Structure formats: structure tokens, C-alpha cells
Amino acid sequence: MEYIKNRFFEKASKCITEYQRLKTEHGNKVIANITMEQVLSGMKGMPCLITDTSKLDAQEGIRFRGYSIPELREKLPRLRPEGEPLPEGLFYLMLIGELPEREDVLNISKDWATRAYVPQHVFDVIDAMPKISRPMTQFSAAIISMATDSIFQKAYRTGVNKKYYWDTTYEDVMNLIARLPRIAAYIYRRIYHNDDHIEPDPRLDWAGNLAHMMGHDSDEVKRLLRLYMVIHSDHEGGNVSAHATHLVGSALSNPYYAFGAGMLGLAGPLHGYANQEVIHWIFEMIQSLDTEEPTDEQIASYIKKTLEEGRVVPGYGHAVLRQTDPRFTAQQEFAAKYVKDDNLINIVNQIYRVAPPILEETGKIKNPWPNVDAFSGALLYHYGIKEYNFYTVMFGVSRSLGVLASLIVDRLYGLPIERPSSFTLGGFREMVEGKNAKGSC
Ligand code: HAX
């Protein structure tokens, strides 16, 4: 599938010159002031990363190379007219910057199917861990164990010229993405289906094959997973999984290490693990209220109790978004179209009615609206994927598309190692209060 790689190079190589030009002609320009507030609250809003694959707007949500989720659902190629777009097409769009033809998408599917072979030692690494290891622990360990196969690492060792780093990164990335559904499904079947594994079907698309190997082989689940893989794939560069992948990649660590780092970040409850926390929290609520069909008032009181206990309401809030996440809306629409009456989905919709005013009333939560994780678990659960401790692995499979497309771009531009400055708390105090200011530490 050399032509996809060549097309990427042809399009993206123009940007190398642009990157160099901006650096030489505008290197001294000040583009933003940094406030103490930003330093003290997780570097929010500092414009300091280059990510071409997608851009997040606080009001409108994510756009992938300029296309919103509703636009993608209309424009990206799909297998059947009534289905959901294939994630292969989104990968093409994120990497190359233009909408793919149907042929391009089918070619990526085929290419990934031929690259999907997972070496035995990766399964051995997974099998060496106790089944009670969290699925994300097994997933991350499997990913970094594949560094044995890194073409980038071998090329680096043999002294390849830095202008070709992107080429072997591309090969590693394509192999890695191709293998992830098999690895994820292996972990799923190992933990929840007594090691009764299902072989991949090379005729299936990437997301369809994941559904097949997990043992949820219906057309409905395949359709859901195609949507799921599209909407979770990327969220510009500053989120923890994208930033961690980019940061570790900036040291020229091989793509397996870089993505492994990203996955360990995704496994945090404030990030991707929130998709599990949402279901856990709802079940905890049902148990505590002792009813499967809580009233709005009961849900409101449970949300208030959660806040009083100093816990977060999972699935709500966002570091950038200030509106309902369009990824939430896409899943809500999917449920409205295909799911007749489901108690868990009804509760998720009910929380959507009840939670925002309560969160807003606290006066400190900047975004009282739901994010992607508020809906995803209920849909998976409805379609029979009830093992919610596994949900973040599915998020991780999808996230590979965006962060690894970005890693290829990073290597083509030749982005340098990242190394921001840190100061002591006293050092920051001195910056804002002067040298003679006294503090307690
Ligand atoms: N429930 C309770 N408190 C919340 C909250 C929520 N859902 N969202 C924010 N807050 C709190 C913060 O903890 C913070 O409290 P303190 O001042 O006491 O530290 C305060 O409100 C201000 O936070 P913020 O500026 O509004 O939000 P942040 O940018 O700091 O954090 C988070 C963004 C997504 C981490 C946050 O909203 C949160 O913890 N949400 C719940 C977990 C969640 O759903 N995470 C998934 C996010 C989407 C994602 O990455 N998916 O993978």
C-alpha cells in the first residue's frame, strides 16, 4: 500500500518548509501571555503544541482536519449506505488532510488486515499477568512488548538520516494500529470468556474485526464500533493520551513506547477511564437508591451527595469544552435511532437533564455538560458488552488512530525534543511578587 504513504509524503512534505519558515521568520514573535492561573491549573489554554490532525473548539467541539462529527458521518466512506463511516477513512483524513475515496479506505482495511499478525511473545506477556490485572495494564504491557518489532528503532540504531525518521515511523504505526484489535480482543476473551479466543477474519474491516474477535459478531455491534472508533480517535494535541504519546515520541522513543505512554495516561479516571467510572457510578447509584428506575429528584440528590463527598461526577466536565460534547450527541442520536427502550440509556438521558444545573450551581465547575464518556458505556452495555472494566481498552484502540497519525507528522516535520522549564513554588512567587516577597514555603 505504498501509494498511501507516498500520498502522505507528497502532501505533508510541503509543511516541512512552512515549519522551518515560521521558525526562522517569526521565531521572536510573542503569540500569547502566560498567566499564573494557567500555570497553577494544568497549563490550560497555553498555545504550545503543533497538532494537525484535529482541533477542538470550546463551543463547537472537535473538528478533524476541519470536519465536524456530523459532517464526517455524512462524507466519509462506509460499507453500506445506512451504516456508519469506516475509521480507516478517518485515519486517512487525519494523516493526509483530504477526504478519502472509497477505494482508499478499502485499501487501508486490506493493508491493516495483512499487517495484523501479532507475535507469540505478545500473547505470552499478556498470559504472564494475573487475570485480575486491569485490562489497561495488560493492554499497555502488550503494546510496549511489541517494541521488539520496531522498524524505527532498528533504523535509528543503524544510523538512518533524520529526514527519513517519518518513513519507519509510518511502518511501525501501521503495524501497531493493525494489531490493536487482535490484542484488545485477546485480553477481553482471556479475562471474560475463559481464554476462548476467536481468530481474526481478514475479510472484515478494522472495527468489524474487533467486534468479531470479541465475540459480538452482529451487524449492530459492528456498526456501533465503527462509530465508536471514529468519535474517540482524536481530540487535538493537549489531552493526556495525545500529549503523552507526543512527548515520549519527542525523545525519539519508538512508536510502541510512545503509544504505550499515551495509553497509561488514558487509563486515568479523569481521562479515558471515566467511561468505566460512569457505569460504575450509575450502578452504585441504583444500588444506593434501591431502584432500577430512579426519579429525577433521587438522581439529583445522588449527584449532590457525590459532590459533598469530594468526588467527581464522571462523564461531566471538560478541560476545554464548554458545551455538550458532540461525541455525546452522536451517541445519543445513535441510541435514539437504533435502541427502543433501555433502562441504562434512559438513566443516562435522565442524568443529562438533571446534572448540568446542579454542577453549574457549584460555581466552580467550568463545564457542567456531558463529555464523550457519559454515553459510551450505556451503548456498549446495551449491545451486550457488559464488562465495563474493559471499556477504556476500546477507547485506546480508537485513540491510536489520531495520536499515531500525529506521531508520523511529528517525525516528518522533525519536531524537537520537548523540554519546558519548571520552577519551584517560591520561584513562581518571586515572578509575581518580587524578590523580597516572603512565603510559607
Ligand atoms: N464533578 C465534580 N467536580 C468537578 C467536575 C465533575 N464532573 N468537573 C470539574 N470539577 C471540579 C474540579 O475537580 C475542580 O475542583 P477543585 O477546584 O476543587 O480542584 C473544579 O471543578 C474546576 O475544574 P474545571 O476547571 O471545571 O475542570 P478541569 O479542567 O480541572 O478538569 C475534568 C476537567 C474533565 C478532569 C473534570 O471536569 C472532571 O474531573 N470530570 C469528571 C471526569 C471525567 O468525566 N473525565 C473525562 C473527561 C473527558 C475525557 O478526557 N475523556 O477521555
# chains A, B, ... in the order shown; residues from 1 in each chain; ligands from 1

call {"tool": "residues_near_ligand", "arguments": {"ligand": "ligand 1", "cutoff": "8 Å", "atoms": "only C-alpha atoms and all ligand atoms", "output": "PDB file with C-alpha atoms, in the first residue's frame"}}
result
ATOM      1  CA  SER A  41      -4.253  24.972  36.719  1.00  0.00           C
ATOM      2  CA  GLY A  42      -2.617  22.445  34.449  1.00  0.00           C
ATOM      3  CA  LYS A  44      -4.890  25.099  30.258  1.00  0.00           C
ATOM      4  CA  ASN A 239      -5.297  15.871  26.143  1.00  0.00           C
ATOM      5  CA  VAL A 240      -3.313  13.478  28.303  1.00  0.00           C
ATOM      6  CA  LEU A 266      -5.702   7.267  29.045  1.00  0.00           C
ATOM      7  CA  PRO A 269     -10.079   8.288  35.847  1.00  0.00           C
ATOM      8  CA  LEU A 270     -10.077  11.943  34.808  1.00  0.00           C
ATOM      9  CA  HIS A 271      -9.429  10.886  31.194  1.00  0.00           C
ATOM     10  CA  GLY A 272     -10.393   7.651  29.378  1.00  0.00           C
ATOM     11  CA  TYR A 273     -11.071   5.564  32.449  1.00  0.00           C
ATOM     12  CA  ALA A 274     -14.058   7.861  33.025  1.00  0.00           C
ATOM     13  CA  ASN A 275     -16.020   5.692  30.540  1.00  0.00           C
ATOM     14  CA  VAL A 278     -19.697   6.383  34.560  1.00  0.00           C
ATOM     15  CA  THR A 306     -21.268  12.654  45.222  1.00  0.00           C
ATOM     16  CA  LEU A 307     -20.164  16.296  45.216  1.00  0.00           C
ATOM     17  CA  GLY A 310     -15.499  15.383  47.330  1.00  0.00           C
ATOM     18  CA  ARG A 311     -15.809  13.055  44.327  1.00  0.00           C
ATOM     19  CA  VAL A 312     -16.329  13.916  40.686  1.00  0.00           C
ATOM     20  CA  VAL A 313     -19.466  13.148  38.717  1.00  0.00           C
ATOM     21  CA  PRO A 314     -17.914  11.035  35.950  1.00  0.00           C
ATOM     22  CA  GLY A 315     -18.761  11.866  32.345  1.00  0.00           C
ATOM     23  CA  TYR A 316     -19.340  15.544  33.127  1.00  0.00           C
ATOM     24  CA  GLY A 317     -16.980  18.486  32.713  1.00  0.00           C
ATOM     25  CA  HIS A 318     -14.106  19.098  30.351  1.00  0.00           C
ATOM     26  CA  ALA A 319     -10.817  20.971  30.329  1.00  0.00           C
ATOM     27  CA  VAL A 320     -11.636  22.733  27.036  1.00  0.00           C
ATOM     28  CA  LEU A 359     -22.962  21.220  38.543  1.00  0.00           C
ATOM     29  CA  LYS A 364     -16.566  26.267  40.237  1.00  0.00           C
ATOM     30  CA  ILE A 365     -17.125  23.564  37.594  1.00  0.00           C
ATOM     31  CA  LYS A 366     -16.341  25.348  34.340  1.00  0.00           C
ATOM     32  CA  ASN A 367     -18.242  22.948  32.102  1.00  0.00           C
ATOM     33  CA  PRO A 368     -21.414  21.402  33.539  1.00  0.00           C
ATOM     34  CA  PRO A 370     -21.539  15.819  29.458  1.00  0.00           C
ATOM     35  CA  ASN A 371     -18.429  14.603  27.664  1.00  0.00           C
ATOM     36  CA  VAL A 372     -17.990  11.555  25.407  1.00  0.00           C
ATOM     37  CA  ASP A 373     -17.741   9.143  28.335  1.00  0.00           C
ATOM     38  CA  ALA A 374     -21.192   9.948  29.694  1.00  0.00           C
TER      39      ALA A 374
END

call {"tool": "select_by_dssp", "arguments": {"residues": "range 152-299 of chain A", "states": "alpha helix (DSSP H)", "output": "PyMOL selection string"}}
result
chain A and resi 152-157+165-192+206-214+219-231+240-250+255-266+274-289+296-299

call {"tool": "closest_residue", "arguments": {"among": "A:Tyr413, A:Tyr164, A:Tyr338, A:Tyr228", "to": "Asp52 in chain A", "atoms": "only C-alpha atoms"}}
result
A:Tyr413

call {"tool": "closest_residue", "arguments": {"among": "A:Arg190, A:Lys340, A:Arg134, A:Arg399", "to": "Ile231 in chain A", "atoms": "only C-alpha atoms"}}
result
A:Arg399

call {"tool": "closest_residue", "arguments": {"among": "A:Leu401, A:Leu380, A:Ala141, A:Ile286", "to": "Gly89 in chain A", "atoms": "only C-alpha atoms"}}
result
A:Leu401

call {"tool": "select_by_dssp", "arguments": {"residues": "range 42-100 of chain A", "states": "strand (DSSP E)", "output": "list in words"}}
result
Ser54, Lys55, Leu56, Asp57, Gly61, Ile62, Arg63, Phe64, Tyr67 and Ser68 of chain A

call {"tool": "closest_residue", "arguments": {"among": "A:Lys435, A:Arg78, A:Arg7, A:Lys386", "to": "Arg226 in chain A", "atoms": "only C-alpha atoms"}}
result
A:Arg78

call {"tool": "residues_around", "arguments": {"residues": "range 55-69 of chain A", "least_positions_apart": "3", "cutoff": "9 Å", "atoms": "only C-alpha atoms", "output": "ChimeraX atom specification"}}
result
/A:51-52,72-74,90,93-94,97-98,230-231,234-237,320-327,330

call {"tool": "residues_around", "arguments": {"residues": "Ile347 in chain A", "least_positions_apart": "5", "cutoff": "10 Å", "atoms": "only C-alpha atoms", "output": "list in words"}}
result
Ile282, Ile286, Glu292, Glu293, Pro294, Thr295, Asp296, Ile299, Asp342, Tyr352, Arg353 and Ala378 of chain A

call {"tool": "write_last_selection", "arguments": {"atoms": "N, CA and C atoms", "output": "mmCIF file, in the first residue's frame"}}
result
data_model
loop_
_atom_site.group_PDB
_atom_site.id
_atom_site.type_symbol
_atom_site.label_atom_id
_atom_site.label_comp_id
_atom_site.auth_asym_id
_atom_site.auth_seq_id
_atom_site.Cartn_x
_atom_site.Cartn_y
_atom_site.Cartn_z
ATOM 1 N N ILE A 282 -23.201 4.810 38.039
ATOM 2 C CA ILE A 282 -24.654 4.620 37.861
ATOM 3 C C ILE A 282 -25.116 3.376 38.625
ATOM 4 N N ILE A 286 -27.851 3.163 41.578
ATOM 5 C CA ILE A 286 -29.028 2.289 41.559
ATOM 6 C C ILE A 286 -29.088 1.463 42.840
ATOM 7 N N GLU A 292 -34.264 0.514 40.172
ATOM 8 C CA GLU A 292 -33.726 0.498 38.795
ATOM 9 C C GLU A 292 -34.217 1.710 38.011
ATOM 10 N N GLU A 293 -35.281 2.337 38.536
ATOM 11 C CA GLU A 293 -35.856 3.477 37.808
ATOM 12 C C GLU A 293 -35.956 4.689 38.720
ATOM 13 N N PRO A 294 -34.815 5.309 38.992
ATOM 14 C CA PRO A 294 -34.825 6.440 39.928
ATOM 15 C C PRO A 294 -35.576 7.654 39.362
ATOM 16 N N THR A 295 -36.147 8.459 40.235
ATOM 17 C CA THR A 295 -36.795 9.701 39.794
ATOM 18 C C THR A 295 -35.716 10.769 39.595
ATOM 19 N N ASP A 296 -36.100 11.867 38.941
ATOM 20 C CA ASP A 296 -35.163 12.984 38.767
ATOM 21 C C ASP A 296 -34.662 13.470 40.128
ATOM 22 N N ILE A 299 -32.037 11.182 41.535
ATOM 23 C CA ILE A 299 -30.742 11.348 40.831
ATOM 24 C C ILE A 299 -30.074 12.642 41.295
ATOM 25 N N ASP A 342 -34.235 1.218 26.734
ATOM 26 C CA ASP A 342 -33.177 0.580 27.528
ATOM 27 C C ASP A 342 -33.016 1.362 28.820
ATOM 28 N N TYR A 352 -28.536 13.576 32.081
ATOM 29 C CA TYR A 352 -28.265 14.729 31.206
ATOM 30 C C TYR A 352 -29.246 15.878 31.490
ATOM 31 N N ARG A 353 -30.481 15.529 31.849
ATOM 32 C CA ARG A 353 -31.472 16.567 32.195
ATOM 33 C C ARG A 353 -31.178 17.162 33.568
ATOM 34 N N ALA A 378 -23.115 3.064 28.258
ATOM 35 C CA ALA A 378 -24.507 2.584 28.228
ATOM 36 C C ALA A 378 -24.819 1.924 26.889
#
